[in-house]
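Trainee: This is the structure I have questions about; it appears just below.
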Amino acid sequence: MIFSLNLMLLTLMTLMETINARKIKAFFLNKNRPLREKECGPEECKLDCVFTRGEFAFPNKGSTTVCYRYNARTYAGFNYPYSMVMQFGNIKPDFSDLEDGFMFGNWPDNAESKEWKQSAWLAMSPPITNKWAASPLYVDGFDVHVWKHECFTIDFKSGSHKVFRNGEKVTENTYDTIKNMEGLTDTADFACLGCAFRSTGSKIMSVVARVTDLQIFSKELPEKEILEITSCKKFLKGDILDWDKEKWVIKGDKLYTVVEEWDLEKEICADQTDSLLYLPYMMNKRPVGEQECKKFSSLLYPYSTKEEYDRLAYFLSNSNHYKNSECVRDVKDTDDKYTLQSLVDVELMADGSYKSPNTGKTMLYAPWQSGRPWAGNVNCVIVHLKLKKTKTRLAETYKEEIVDEKCLDVDKGCPTCINPLPSTRLYVRGLCKESSLDRNYIFRISENGNPIYVGLHLSFIYYDTKRKLWAWIDKSKQNSTVTTLAKEKSMMIGINEMDFSDYDDKCVELLKEKVLRIKLTTCDEGFFTCDDGQCIDIETRCDQTPNCKDQSDENNCNMLIVKDNYKKKISPFKFDQIIGVIPANVNVSLEIFSLLKFIEVDLQYVLKYKIRMEWYDYRLTYWNLKKRRSANAFSQDDTSKLWMPSLVFQNTENNEVTIADSEAEVTVTREGDFSRSDDTVVEEINIFSGEDNRITFERVYTKTFRCEYQLQLYPFDTQRCYVEIVVKNLDKFGVEITPNTIKMLGETVLTQYIVKSWTLGYKNETDPSEGIIMTVVLKRRILNELLTTYLPSLLILTIVYATNFFKDFFFEAVVTVNLTSQLVLTTLFISVSGALPKTAYVKMIDVWLIFAQLIPFFEVLLHTFLDAMRTGGDDGEREVNHHGKIITVGGDGSEKDLDDSAMYGKLNQDLENKYLGKISGGHFGSTLSLMKNKQKIGDQTMVDVEQKTMKPSHNQLIARDEEKEVDARKQFYENAAVRNERIVKMGVWISLKGIPILIGTFSAFYWGYGLSNYFGSDVQMKAG
């Protein structure tokens, strides 16, 4: 009961859909014309034409709107390709021309372009050839195999002409030829659609297209209403001519035209944003089917809802699909029923649901065959569509089923693909411009069920089942065929060796071997076609990673294209008639890695750096540059073909030159726009001009440069070292170098210096031809000199000064210390000078060390002078060392030689006389004072004396007993007679106060001047 009720409800719904369907008659003009048949003129045959006769009002005093729908298969006509034409007016009795009226049509301006610029033209009579107007229509070049809904208006008063297509106004113009038209009658007796009769120009015209729903109105409809008509939102009937009410007649010799019935709203006005295609070859694995769809820039059809399934079923019910398909199975015991098996994009997922791997949508409509699904590892869905043959263009669907099969062992379905465009478009690459063959094609399933590529004009490509090869024919050349032995299932997609030996074509007329490599591809701009037809992003071509399954994208990866007349010895300068020679500009940049060594003695420094030269060479062409510069590296072989700037490092010992050796990196930076290789080239190539894309040369060097160290302020100096770069003399005529950027990538705090700044600029701003110069400003680190030179010298001077506080009787120690200090300072001076370049000028450190040496020198002189002033006697006699003996030099200049006994005796006598005299004179209170200090002198007689008043003997002054020696010297200086007390005091003041004042004053000026220059350089650099 419930089942019967559901069946009745389904039948009722089907009946309601049938009632609501807007069936309309359509004519498929020239559908059955043989591919080989050449179009004929009026003298040869009468082409098919669909027309009607009657009495119609002609709005020659007002305005009119004409609307119609058509689906063109090709652009008809040998000389003037057109996709649509219609006429309205009064026809001559012999159907040779209109006596008066108008003709409207569309034709492409360039039949060989992927994006044709179409024009709409309006011709008016009398006579047609003298009165016409053309309105440019910029539309998609593949304006075929899809339904077009067009309206145009004519205002005979204002001359206005408008054209509307598929819900848009595509053009609007005003023409005097319309406004000034005279002689048009008030009535018309003839209207035709898809054809036209002319006695001039292209004469009889007839399209290969479906045409329907011609409506002519007696006024210019509002634009809003016209837009609704052309977007299938409103269906109005013409008040001058109504398609459904007129009797339409097919006229022609052979009558290749077929009458069809269509659903106006569901079929003709269906959404055309994408399209389906059916590949009639069994695929043994689902991934193979996916890959075949991709070769047509499509995806395996995913369905989820009932509506999506119905779309698939309707598409597959086309009668052409069952005539020669590997996936058709006849139903037993019937002559008119069959099952068509289609592979779709639905798989069993891990969660048990069936989804599309591409879209992720779950299959909601699942008419499973009885006993299915099996699930498990049987995971791919196959549509089994039960169809019944009819005499119309569509088979009748009587049962819908789906089954599941193993994805990797399918072999039970042909793929149905979905293309994102209204039709599946193919392009031919590799034909010369003069070839008569079409370059643009549409994929279709022919009347015999085989794939066919329909050219937009006169050519076709199909598989010849008798000869087992692919044939390429053109109507303009009867009995001529281009062939290839490519496999049938390859569908000729990708690269093919095409045999032109049986085809007279200008592409091969000069070739000995009449074979060309031709590529048939669906890949649009921005994609590369692999040899097997797969489409990949052209940016991934030649990226060292195979992206094609056959790895053909990594073949023929030539990046540099050099003309035969390219001269690598000549720079890419330009010449202007007014300016003259315009030199090639080379931008130079430097990256400093490290300042390795400073050899101040030899006036050199060692620098590790990278030089970057950038220039443009307009004479070069590059192919398929990548956005990443490192991917555009030249090979060593390519580098050897290029002109390279020869820059000389002028301040190296041998004037070294930049060389593009194996360690150099030469690349191209993609900057400018590119053009695409035209279809005469087999491979898709992005072509870049050398004028817009920069060549970059990079090379790391470690070189020794000369640096003129200015050491006047050493160690408070700031040095400037340079790298001087000039153009080689032979290139100066056509090359100009420009400083660009400089970077410091290494450490700036070095062992000897701190790198304060680095600049790159012109050597002479007023004359750039003198080259460029890199300047590195180096500030010396003075801590090392402070610790190794200044601190030791200062400590030595302190010791020197400390000798001023020695007792007078340590005169010899004073002299020894000062002379030793001077020797050390001299050695230090020689050491420092030896580590620096020999210069004609005095350095600041020299001043310090020379000054330091003068202090102990002056100290020796001063103390010697003071000692002489203290020890000089009144009698003028003094003892000296004469060849190891003590001699006394008298005031008269005579020499007295005393032996030891005499000398000691004399000494005792002198002491006795002296001190006894003093005692008797009352210097001491009693003789006991003399006895307190009895002293044995040598082995001689003990003399009781007051030690402080005794003059020590020579033996005492040099006694081995240090205590005796010190006491003797002390007595000597205490008893010495001072010649000039004032001078001695002055000398003592100089030694104790004058010398430190001198040292302090000098140091203040010295360090003030040095440090002001040392830190003043920072201020100057900041100000600069």
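Just remember, in the structure tokens the first chain shown is A, the second B, etc., residues are 1-based per chain, and ligands are 1-based in the order shown.
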Taking the DSSP secondary structure from the backbone, can you list the residues of stretch 588-633 of chain A that are helix (DSSP H, G or I), as a list of chain:residue names?
Mentor: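 Here is the list: A:Arg629, A:Ser630, A:Ala631, A:Asn632.
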Trainee: Using N, CA, C and O atoms, can you write the selected residues to a file as a compact mmCIF listing (two decimals), in the first residue's frame?
Mentor:
```
# COMPACT_ATOMS: atom_id res chain seq x y z
N ARG A 629 65.76 34.35 -6.49
CA ARG A 629 66.94 34.64 -7.32
C ARG A 629 67.91 33.48 -7.37
O ARG A 629 68.53 33.21 -8.40
N SER A 630 68.06 32.78 -6.26
CA SER A 630 69.01 31.68 -6.24
C SER A 630 68.64 30.57 -7.21
O SER A 630 69.50 29.78 -7.60
N ALA A 631 67.37 30.51 -7.60
CA ALA A 631 66.94 29.50 -8.57
C ALA A 631 67.27 29.91 -9.99
O ALA A 631 67.09 29.13 -10.93
N ASN A 632 67.74 31.15 -10.17
CA ASN A 632 68.08 31.66 -11.50
C ASN A 632 69.59 31.78 -11.68
O ASN A 632 70.09 32.77 -12.21
```
Trainee: What's the 12 Å shell around A:Leu745, counting only C-alpha atoms, without same-chain residues fewer than 3 positions away, as a ChimeraX atom specification?
Mentor: /A:590-595,608-610,742,748,755,758
Trainee: Could you turn the residues from that selection into a file that holds all heavy atoms, as a compact mmCIF listing (two decimals), in the first residue's frame?
Mentor:
```
# COMPACT_ATOMS: atom_id res chain seq x y z
N LEU A 590 79.16 46.14 -1.68
CA LEU A 590 80.17 45.38 -0.96
C LEU A 590 79.59 44.88 0.36
O LEU A 590 78.82 45.58 1.01
CB LEU A 590 81.41 46.23 -0.69
CG LEU A 590 82.24 46.67 -1.91
CD1 LEU A 590 83.36 47.60 -1.46
CD2 LEU A 590 82.81 45.48 -2.65
N GLU A 591 80.00 43.69 0.72
CA GLU A 591 79.68 43.14 2.03
C GLU A 591 81.00 42.75 2.69
O GLU A 591 81.74 41.92 2.16
CB GLU A 591 78.78 41.92 1.91
CG GLU A 591 77.38 42.25 1.41
CD GLU A 591 76.50 41.02 1.31
OE1 GLU A 591 76.98 39.93 1.69
OE2 GLU A 591 75.35 41.13 0.86
N ILE A 592 81.30 43.36 3.81
CA ILE A 592 82.56 43.12 4.50
C ILE A 592 82.36 41.99 5.50
O ILE A 592 81.55 42.09 6.42
CB ILE A 592 83.06 44.39 5.21
CG1 ILE A 592 83.23 45.53 4.19
CG2 ILE A 592 84.36 44.12 5.94
CD1 ILE A 592 83.55 46.86 4.83
N PHE A 593 83.11 40.91 5.31
CA PHE A 593 83.04 39.78 6.23
C PHE A 593 84.02 39.94 7.39
O PHE A 593 83.68 39.66 8.53
CB PHE A 593 83.32 38.47 5.50
CG PHE A 593 82.27 38.11 4.50
CD1 PHE A 593 82.61 37.75 3.21
CD2 PHE A 593 80.93 38.13 4.83
CE1 PHE A 593 81.65 37.41 2.28
CE2 PHE A 593 79.96 37.79 3.92
CZ PHE A 593 80.32 37.43 2.63
N SER A 594 85.23 40.38 7.07
CA SER A 594 86.22 40.46 8.14
C SER A 594 87.42 41.28 7.67
O SER A 594 87.82 41.20 6.51
CB SER A 594 86.67 39.06 8.54
OG SER A 594 87.65 39.12 9.54
N LEU A 595 87.97 42.09 8.59
CA LEU A 595 89.27 42.70 8.39
C LEU A 595 90.28 41.80 9.10
O LEU A 595 90.40 41.81 10.32
CB LEU A 595 89.30 44.12 8.96
CG LEU A 595 88.50 45.14 8.12
CD1 LEU A 595 87.12 45.34 8.75
CD2 LEU A 595 89.22 46.45 8.02
N LYS A 608 88.54 40.44 3.84
CA LYS A 608 87.67 39.41 3.26
C LYS A 608 86.31 40.05 3.03
O LYS A 608 85.69 40.55 3.97
CB LYS A 608 87.54 38.21 4.20
CG LYS A 608 86.69 37.08 3.62
CD LYS A 608 86.61 35.91 4.57
CE LYS A 608 85.76 34.78 3.96
NZ LYS A 608 85.64 33.63 4.90
N TYR A 609 85.83 39.99 1.79
CA TYR A 609 84.61 40.72 1.44
C TYR A 609 83.95 40.04 0.25
O TYR A 609 84.52 39.18 -0.42
CB TYR A 609 84.94 42.17 1.09
CG TYR A 609 85.81 42.30 -0.15
CD1 TYR A 609 85.25 42.58 -1.38
CD2 TYR A 609 87.19 42.12 -0.07
CE1 TYR A 609 86.05 42.68 -2.51
CE2 TYR A 609 87.99 42.21 -1.18
CZ TYR A 609 87.41 42.49 -2.41
OH TYR A 609 88.19 42.57 -3.54
N LYS A 610 82.70 40.45 0.03
CA LYS A 610 81.96 40.00 -1.15
C LYS A 610 81.63 41.23 -1.99
O LYS A 610 81.11 42.22 -1.48
CB LYS A 610 80.67 39.29 -0.77
CG LYS A 610 79.83 38.83 -1.99
CD LYS A 610 78.42 38.43 -1.59
CE LYS A 610 78.42 37.10 -0.90
NZ LYS A 610 77.04 36.62 -0.63
N ILE A 742 76.66 49.09 1.03
CA ILE A 742 77.77 48.43 1.72
C ILE A 742 77.26 47.94 3.06
O ILE A 742 76.48 48.62 3.73
CB ILE A 742 78.98 49.37 1.89
CG1 ILE A 742 80.14 48.63 2.56
CG2 ILE A 742 78.61 50.62 2.68
CD1 ILE A 742 81.44 49.41 2.56
N THR A 748 83.13 44.34 14.47
CA THR A 748 83.63 45.71 14.36
C THR A 748 84.65 46.03 15.45
O THR A 748 85.35 47.04 15.35
CB THR A 748 82.47 46.71 14.45
OG1 THR A 748 81.76 46.51 15.66
CG2 THR A 748 81.53 46.53 13.27
N VAL A 755 86.18 49.32 14.31
CA VAL A 755 85.68 49.83 13.03
C VAL A 755 84.54 50.80 13.32
O VAL A 755 83.47 50.40 13.78
CB VAL A 755 85.21 48.68 12.12
CG1 VAL A 755 84.79 49.23 10.76
CG2 VAL A 755 86.30 47.64 11.96
N TRP A 758 81.87 52.65 7.73
CA TRP A 758 82.24 52.09 6.43
C TRP A 758 81.30 52.71 5.40
O TRP A 758 80.09 52.77 5.57
CB TRP A 758 82.13 50.57 6.46
CG TRP A 758 80.86 50.07 7.09
CD1 TRP A 758 79.68 49.79 6.49
CD2 TRP A 758 80.65 49.84 8.50
NE1 TRP A 758 78.75 49.39 7.41
CE2 TRP A 758 79.31 49.40 8.64
CE3 TRP A 758 81.47 49.95 9.63
CZ2 TRP A 758 78.78 49.08 9.89
CZ3 TRP A 758 80.93 49.63 10.86
CH2 TRP A 758 79.61 49.19 10.98
```
Trainee: Would you mind listing what lies within 8 Å of stretch 452-458 of chain A as a PyMOL selection string, with only C-alpha atoms counted and same-chain residues fewer than 6 positions away left out?
Mentor: chain A and resi 73-78+81+111+142+144+437-446+474-476
Trainee: Could you please take those selected residues and save N, CA and C atoms as a PDB file, in the first residue's frame?
Mentor:
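Result file follows (result21.pdb):
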```pdb
ATOM      1  N   ARG A  73      28.693  25.807 -33.051  1.00  0.00           N
ATOM      2  CA  ARG A  73      29.666  24.723 -32.961  1.00  0.00           C
ATOM      3  C   ARG A  73      31.028  25.143 -33.501  1.00  0.00           C
ATOM      4  N   THR A  74      31.045  25.907 -34.540  1.00  0.00           N
ATOM      5  CA  THR A  74      32.291  26.419 -35.116  1.00  0.00           C
ATOM      6  C   THR A  74      32.017  27.806 -35.676  1.00  0.00           C
ATOM      7  N   TYR A  75      33.098  28.451 -36.074  1.00  0.00           N
ATOM      8  CA  TYR A  75      32.954  29.702 -36.813  1.00  0.00           C
ATOM      9  C   TYR A  75      32.936  29.339 -38.285  1.00  0.00           C
ATOM     10  N   ALA A  76      31.791  29.524 -38.916  1.00  0.00           N
ATOM     11  CA  ALA A  76      31.611  29.100 -40.298  1.00  0.00           C
ATOM     12  C   ALA A  76      32.207  30.132 -41.246  1.00  0.00           C
ATOM     13  N   GLY A  77      32.374  29.735 -42.519  1.00  0.00           N
ATOM     14  CA  GLY A  77      32.874  30.642 -43.545  1.00  0.00           C
ATOM     15  C   GLY A  77      34.371  30.516 -43.719  1.00  0.00           C
ATOM     16  N   PHE A  78      34.808  30.491 -44.999  1.00  0.00           N
ATOM     17  CA  PHE A  78      36.231  30.339 -45.274  1.00  0.00           C
ATOM     18  C   PHE A  78      36.978  31.650 -45.097  1.00  0.00           C
ATOM     19  N   PRO A  81      35.030  34.250 -41.056  1.00  0.00           N
ATOM     20  CA  PRO A  81      34.425  33.384 -40.042  1.00  0.00           C
ATOM     21  C   PRO A  81      33.411  34.143 -39.195  1.00  0.00           C
ATOM     22  N   ALA A 111      40.929  35.037 -35.937  1.00  0.00           N
ATOM     23  CA  ALA A 111      40.485  33.659 -35.799  1.00  0.00           C
ATOM     24  C   ALA A 111      41.548  32.749 -35.218  1.00  0.00           C
ATOM     25  N   PHE A 142      36.423  31.623 -26.972  1.00  0.00           N
ATOM     26  CA  PHE A 142      35.772  30.330 -27.150  1.00  0.00           C
ATOM     27  C   PHE A 142      34.273  30.515 -26.995  1.00  0.00           C
ATOM     28  N   VAL A 144      31.863  29.290 -28.414  1.00  0.00           N
ATOM     29  CA  VAL A 144      31.161  28.209 -29.096  1.00  0.00           C
ATOM     30  C   VAL A 144      30.869  27.097 -28.110  1.00  0.00           C
ATOM     31  N   LEU A 437      45.798  25.021 -40.549  1.00  0.00           N
ATOM     32  CA  LEU A 437      45.081  24.276 -39.516  1.00  0.00           C
ATOM     33  C   LEU A 437      44.692  25.183 -38.355  1.00  0.00           C
ATOM     34  N   ASP A 438      43.546  24.890 -37.776  1.00  0.00           N
ATOM     35  CA  ASP A 438      43.110  25.641 -36.600  1.00  0.00           C
ATOM     36  C   ASP A 438      44.045  25.362 -35.423  1.00  0.00           C
ATOM     37  N   ARG A 439      44.088  26.321 -34.509  1.00  0.00           N
ATOM     38  CA  ARG A 439      44.912  26.173 -33.316  1.00  0.00           C
ATOM     39  C   ARG A 439      44.076  25.961 -32.050  1.00  0.00           C
ATOM     40  N   ASN A 440      42.764  26.204 -32.146  1.00  0.00           N
ATOM     41  CA  ASN A 440      41.897  26.128 -30.977  1.00  0.00           C
ATOM     42  C   ASN A 440      40.762  25.140 -31.241  1.00  0.00           C
ATOM     43  N   TYR A 441      40.496  24.281 -30.231  1.00  0.00           N
ATOM     44  CA  TYR A 441      39.543  23.185 -30.419  1.00  0.00           C
ATOM     45  C   TYR A 441      38.674  23.023 -29.179  1.00  0.00           C
ATOM     46  N   ILE A 442      37.540  22.357 -29.402  1.00  0.00           N
ATOM     47  CA  ILE A 442      36.624  21.990 -28.323  1.00  0.00           C
ATOM     48  C   ILE A 442      36.486  20.470 -28.314  1.00  0.00           C
ATOM     49  N   PHE A 443      36.554  19.887 -27.107  1.00  0.00           N
ATOM     50  CA  PHE A 443      36.384  18.436 -26.983  1.00  0.00           C
ATOM     51  C   PHE A 443      34.896  18.089 -27.030  1.00  0.00           C
ATOM     52  N   ARG A 444      34.569  17.118 -27.887  1.00  0.00           N
ATOM     53  CA  ARG A 444      33.197  16.621 -27.976  1.00  0.00           C
ATOM     54  C   ARG A 444      33.218  15.115 -28.179  1.00  0.00           C
ATOM     55  N   ILE A 445      32.091  14.492 -27.923  1.00  0.00           N
ATOM     56  CA  ILE A 445      31.886  13.099 -28.330  1.00  0.00           C
ATOM     57  C   ILE A 445      31.080  13.141 -29.623  1.00  0.00           C
ATOM     58  N   SER A 446      31.644  12.547 -30.666  1.00  0.00           N
ATOM     59  CA  SER A 446      31.033  12.655 -32.004  1.00  0.00           C
ATOM     60  C   SER A 446      29.778  11.795 -32.113  1.00  0.00           C
ATOM     61  N   ASP A 474      41.430  19.340 -42.431  1.00  0.00           N
ATOM     62  CA  ASP A 474      40.948  20.711 -42.569  1.00  0.00           C
ATOM     63  C   ASP A 474      40.107  20.788 -43.839  1.00  0.00           C
ATOM     64  N   LYS A 475      38.962  21.445 -43.748  1.00  0.00           N
ATOM     65  CA  LYS A 475      38.059  21.507 -44.893  1.00  0.00           C
ATOM     66  C   LYS A 475      38.659  22.252 -46.078  1.00  0.00           C
ATOM     67  N   SER A 476      39.614  23.107 -45.799  1.00  0.00           N
ATOM     68  CA  SER A 476      40.198  23.893 -46.890  1.00  0.00           C
ATOM     69  C   SER A 476      41.111  23.056 -47.765  1.00  0.00           C
TER      70      SER A 476
END
```
Trainee: Taking only residues of stretch 614-681 of chain A that have an atom at most 9 Å from an atom of stretch 531-553 of chain A, what is each one's shortest atom pair and its distance in Å to one decimal, using only C-alpha atoms, in chain and number order, as a tab-separated table?
Mentor:
```
residue	atom	partner	partner_atom	distance
A:Asn624	CA	A:Glu539	CA	7.4
A:Leu625	CA	A:Glu539	CA	8.2
A:Lys626	CA	A:Glu539	CA	6.6
A:Lys627	CA	A:Glu539	CA	8.4
A:Ala631	CA	A:Asp543	CA	7.1
```
Trainee: Skipping near chain neighbours, those fewer than 6 positions away, what residues fall within 12 Å of A:Gly360 using only C-alpha atoms, listed as a PyMOL selection string?
Mentor: chain A and resi 302-304+345-349+353-354
Trainee: With all heavy atoms kept, could you save the residues just selected as a PDB file, in the first residue's frame?
Mentor:
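Contents of the output file selection_2.pdb:
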```
ATOM      1  N   PRO A 302      32.558  14.870  -8.773  1.00  0.00           N
ATOM      2  CA  PRO A 302      32.090  14.515  -7.431  1.00  0.00           C
ATOM      3  C   PRO A 302      30.593  14.810  -7.318  1.00  0.00           C
ATOM      4  O   PRO A 302      30.132  15.868  -7.727  1.00  0.00           O
ATOM      5  CB  PRO A 302      32.902  15.467  -6.540  1.00  0.00           C
ATOM      6  CG  PRO A 302      33.098  16.692  -7.390  1.00  0.00           C
ATOM      7  CD  PRO A 302      33.039  16.258  -8.838  1.00  0.00           C
ATOM      8  N   TYR A 303      29.847  13.890  -6.785  1.00  0.00           N
ATOM      9  CA  TYR A 303      28.435  14.209  -6.581  1.00  0.00           C
ATOM     10  C   TYR A 303      28.071  13.914  -5.142  1.00  0.00           C
ATOM     11  O   TYR A 303      28.624  13.033  -4.490  1.00  0.00           O
ATOM     12  CB  TYR A 303      27.550  13.445  -7.574  1.00  0.00           C
ATOM     13  CG  TYR A 303      27.004  12.137  -7.074  1.00  0.00           C
ATOM     14  CD1 TYR A 303      25.826  12.085  -6.327  1.00  0.00           C
ATOM     15  CD2 TYR A 303      27.659  10.935  -7.360  1.00  0.00           C
ATOM     16  CE1 TYR A 303      25.321  10.886  -5.865  1.00  0.00           C
ATOM     17  CE2 TYR A 303      27.157   9.732  -6.904  1.00  0.00           C
ATOM     18  CZ  TYR A 303      25.994   9.707  -6.151  1.00  0.00           C
ATOM     19  OH  TYR A 303      25.489   8.513  -5.684  1.00  0.00           O
ATOM     20  N   SER A 304      27.108  14.686  -4.664  1.00  0.00           N
ATOM     21  CA  SER A 304      26.644  14.520  -3.284  1.00  0.00           C
ATOM     22  C   SER A 304      25.127  14.420  -3.227  1.00  0.00           C
ATOM     23  O   SER A 304      24.583  13.496  -2.641  1.00  0.00           O
ATOM     24  CB  SER A 304      27.132  15.691  -2.427  1.00  0.00           C
ATOM     25  OG  SER A 304      26.560  15.664  -1.147  1.00  0.00           O
ATOM     26  N   ASP A 345      33.897  10.662  -8.403  1.00  0.00           N
ATOM     27  CA  ASP A 345      34.795  10.996  -7.293  1.00  0.00           C
ATOM     28  C   ASP A 345      34.080  10.801  -5.958  1.00  0.00           C
ATOM     29  O   ASP A 345      33.744  11.758  -5.258  1.00  0.00           O
ATOM     30  CB  ASP A 345      35.280  12.452  -7.447  1.00  0.00           C
ATOM     31  CG  ASP A 345      36.271  12.833  -6.356  1.00  0.00           C
ATOM     32  OD1 ASP A 345      37.130  12.002  -6.015  1.00  0.00           O
ATOM     33  OD2 ASP A 345      36.174  13.960  -5.834  1.00  0.00           O
ATOM     34  N   VAL A 346      33.834   9.542  -5.593  1.00  0.00           N
ATOM     35  CA  VAL A 346      33.239   9.204  -4.298  1.00  0.00           C
ATOM     36  C   VAL A 346      33.953   7.957  -3.786  1.00  0.00           C
ATOM     37  O   VAL A 346      34.081   6.966  -4.510  1.00  0.00           O
ATOM     38  CB  VAL A 346      31.724   8.949  -4.394  1.00  0.00           C
ATOM     39  CG1 VAL A 346      31.162   8.596  -3.013  1.00  0.00           C
ATOM     40  CG2 VAL A 346      31.009  10.167  -4.962  1.00  0.00           C
ATOM     41  N   GLU A 347      34.413   8.019  -2.511  1.00  0.00           N
ATOM     42  CA  GLU A 347      35.154   6.907  -1.917  1.00  0.00           C
ATOM     43  C   GLU A 347      34.630   6.617  -0.518  1.00  0.00           C
ATOM     44  O   GLU A 347      34.050   7.482   0.148  1.00  0.00           O
ATOM     45  CB  GLU A 347      36.651   7.231  -1.820  1.00  0.00           C
ATOM     46  CG  GLU A 347      37.417   7.061  -3.101  1.00  0.00           C
ATOM     47  CD  GLU A 347      38.918   7.207  -2.872  1.00  0.00           C
ATOM     48  OE1 GLU A 347      39.374   6.981  -1.734  1.00  0.00           O
ATOM     49  OE2 GLU A 347      39.622   7.565  -3.826  1.00  0.00           O
ATOM     50  N   LEU A 348      34.877   5.384  -0.091  1.00  0.00           N
ATOM     51  CA  LEU A 348      34.566   4.981   1.276  1.00  0.00           C
ATOM     52  C   LEU A 348      35.660   5.500   2.198  1.00  0.00           C
ATOM     53  O   LEU A 348      36.843   5.228   2.001  1.00  0.00           O
ATOM     54  CB  LEU A 348      34.478   3.457   1.374  1.00  0.00           C
ATOM     55  CG  LEU A 348      34.274   2.862   2.776  1.00  0.00           C
ATOM     56  CD1 LEU A 348      32.939   3.311   3.367  1.00  0.00           C
ATOM     57  CD2 LEU A 348      34.374   1.341   2.729  1.00  0.00           C
ATOM     58  N   MET A 349      35.257   6.250   3.220  1.00  0.00           N
ATOM     59  CA  MET A 349      36.208   6.823   4.155  1.00  0.00           C
ATOM     60  C   MET A 349      36.382   5.922   5.381  1.00  0.00           C
ATOM     61  O   MET A 349      35.649   4.965   5.583  1.00  0.00           O
ATOM     62  CB  MET A 349      35.738   8.227   4.590  1.00  0.00           C
ATOM     63  CG  MET A 349      35.643   9.198   3.432  1.00  0.00           C
ATOM     64  SD  MET A 349      37.250   9.492   2.687  1.00  0.00           S
ATOM     65  CE  MET A 349      36.790  10.136   1.077  1.00  0.00           C
ATOM     66  N   SER A 353      31.699   6.577   6.026  1.00  0.00           N
ATOM     67  CA  SER A 353      30.904   7.414   5.131  1.00  0.00           C
ATOM     68  C   SER A 353      31.516   7.418   3.740  1.00  0.00           C
ATOM     69  O   SER A 353      32.689   7.081   3.550  1.00  0.00           O
ATOM     70  CB  SER A 353      30.829   8.838   5.671  1.00  0.00           C
ATOM     71  OG  SER A 353      32.125   9.421   5.697  1.00  0.00           O
ATOM     72  N   TYR A 354      30.703   7.802   2.769  1.00  0.00           N
ATOM     73  CA  TYR A 354      31.171   7.934   1.394  1.00  0.00           C
ATOM     74  C   TYR A 354      31.269   9.422   1.069  1.00  0.00           C
ATOM     75  O   TYR A 354      30.274  10.147   1.148  1.00  0.00           O
ATOM     76  CB  TYR A 354      30.222   7.223   0.429  1.00  0.00           C
ATOM     77  CG  TYR A 354      30.340   5.718   0.491  1.00  0.00           C
ATOM     78  CD1 TYR A 354      29.634   4.988   1.444  1.00  0.00           C
ATOM     79  CD2 TYR A 354      31.163   5.034  -0.392  1.00  0.00           C
ATOM     80  CE1 TYR A 354      29.750   3.606   1.512  1.00  0.00           C
ATOM     81  CE2 TYR A 354      31.287   3.644  -0.328  1.00  0.00           C
ATOM     82  CZ  TYR A 354      30.582   2.940   0.621  1.00  0.00           C
ATOM     83  OH  TYR A 354      30.701   1.569   0.687  1.00  0.00           O
TER      84      TYR A 354
END
```
Trainee: Take atom CA of A:Leu98 and atom CA of A:Phe190 and report the distance between them in Å, one decimal.
Mentor: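 According to the coordinates, atom CA of A:Leu98 and atom CA of A:Phe190 are separated by 8.8 Å.
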Trainee: Give me the residues near stretch 339-343 of chain A as a PyMOL selection string, where near means some atom within 9 Å (using only C-alpha atoms) and where sequence neighbours in that chain fewer than 4 positions away do not count.
Mentor: chain A and resi 278+283+286+289+300-301+316-317+321-322+325+327-331+380-388+410+412-416
Trainee: Please provide the set of residues having any atom within 9 Å of A:Glu736, restricted to only C-alpha atoms, with same-chain residues fewer than 2 positions apart removed, written as a short mmCIF file (atom, residue, chain, number, x, y, z; two decimals) with C-alpha atoms, in the first residue's frame.
Mentor:
```cif
data_model
loop_
_atom_site.label_atom_id
_atom_site.label_comp_id
_atom_site.auth_asym_id
_atom_site.auth_seq_id
_atom_site.Cartn_x
_atom_site.Cartn_y
_atom_site.Cartn_z
CA PRO A 583 77.04 53.71 -20.89
CA ALA A 584 75.86 50.51 -19.28
CA ASN A 585 75.38 51.19 -15.60
CA VAL A 586 76.85 48.71 -13.14
CA ASN A 587 75.76 48.99 -9.52
CA VAL A 727 86.61 50.23 -14.65
CA ASP A 731 85.48 49.31 -20.89
CA LYS A 732 85.48 52.94 -19.77
CA PHE A 733 83.92 53.96 -23.06
CA GLY A 734 80.69 52.03 -22.44
CA THR A 738 77.65 53.38 -9.44
CA PRO A 768 82.24 59.45 -11.74
CA SER A 769 84.57 57.99 -14.35
CA GLY A 771 85.68 55.11 -10.08
#
```
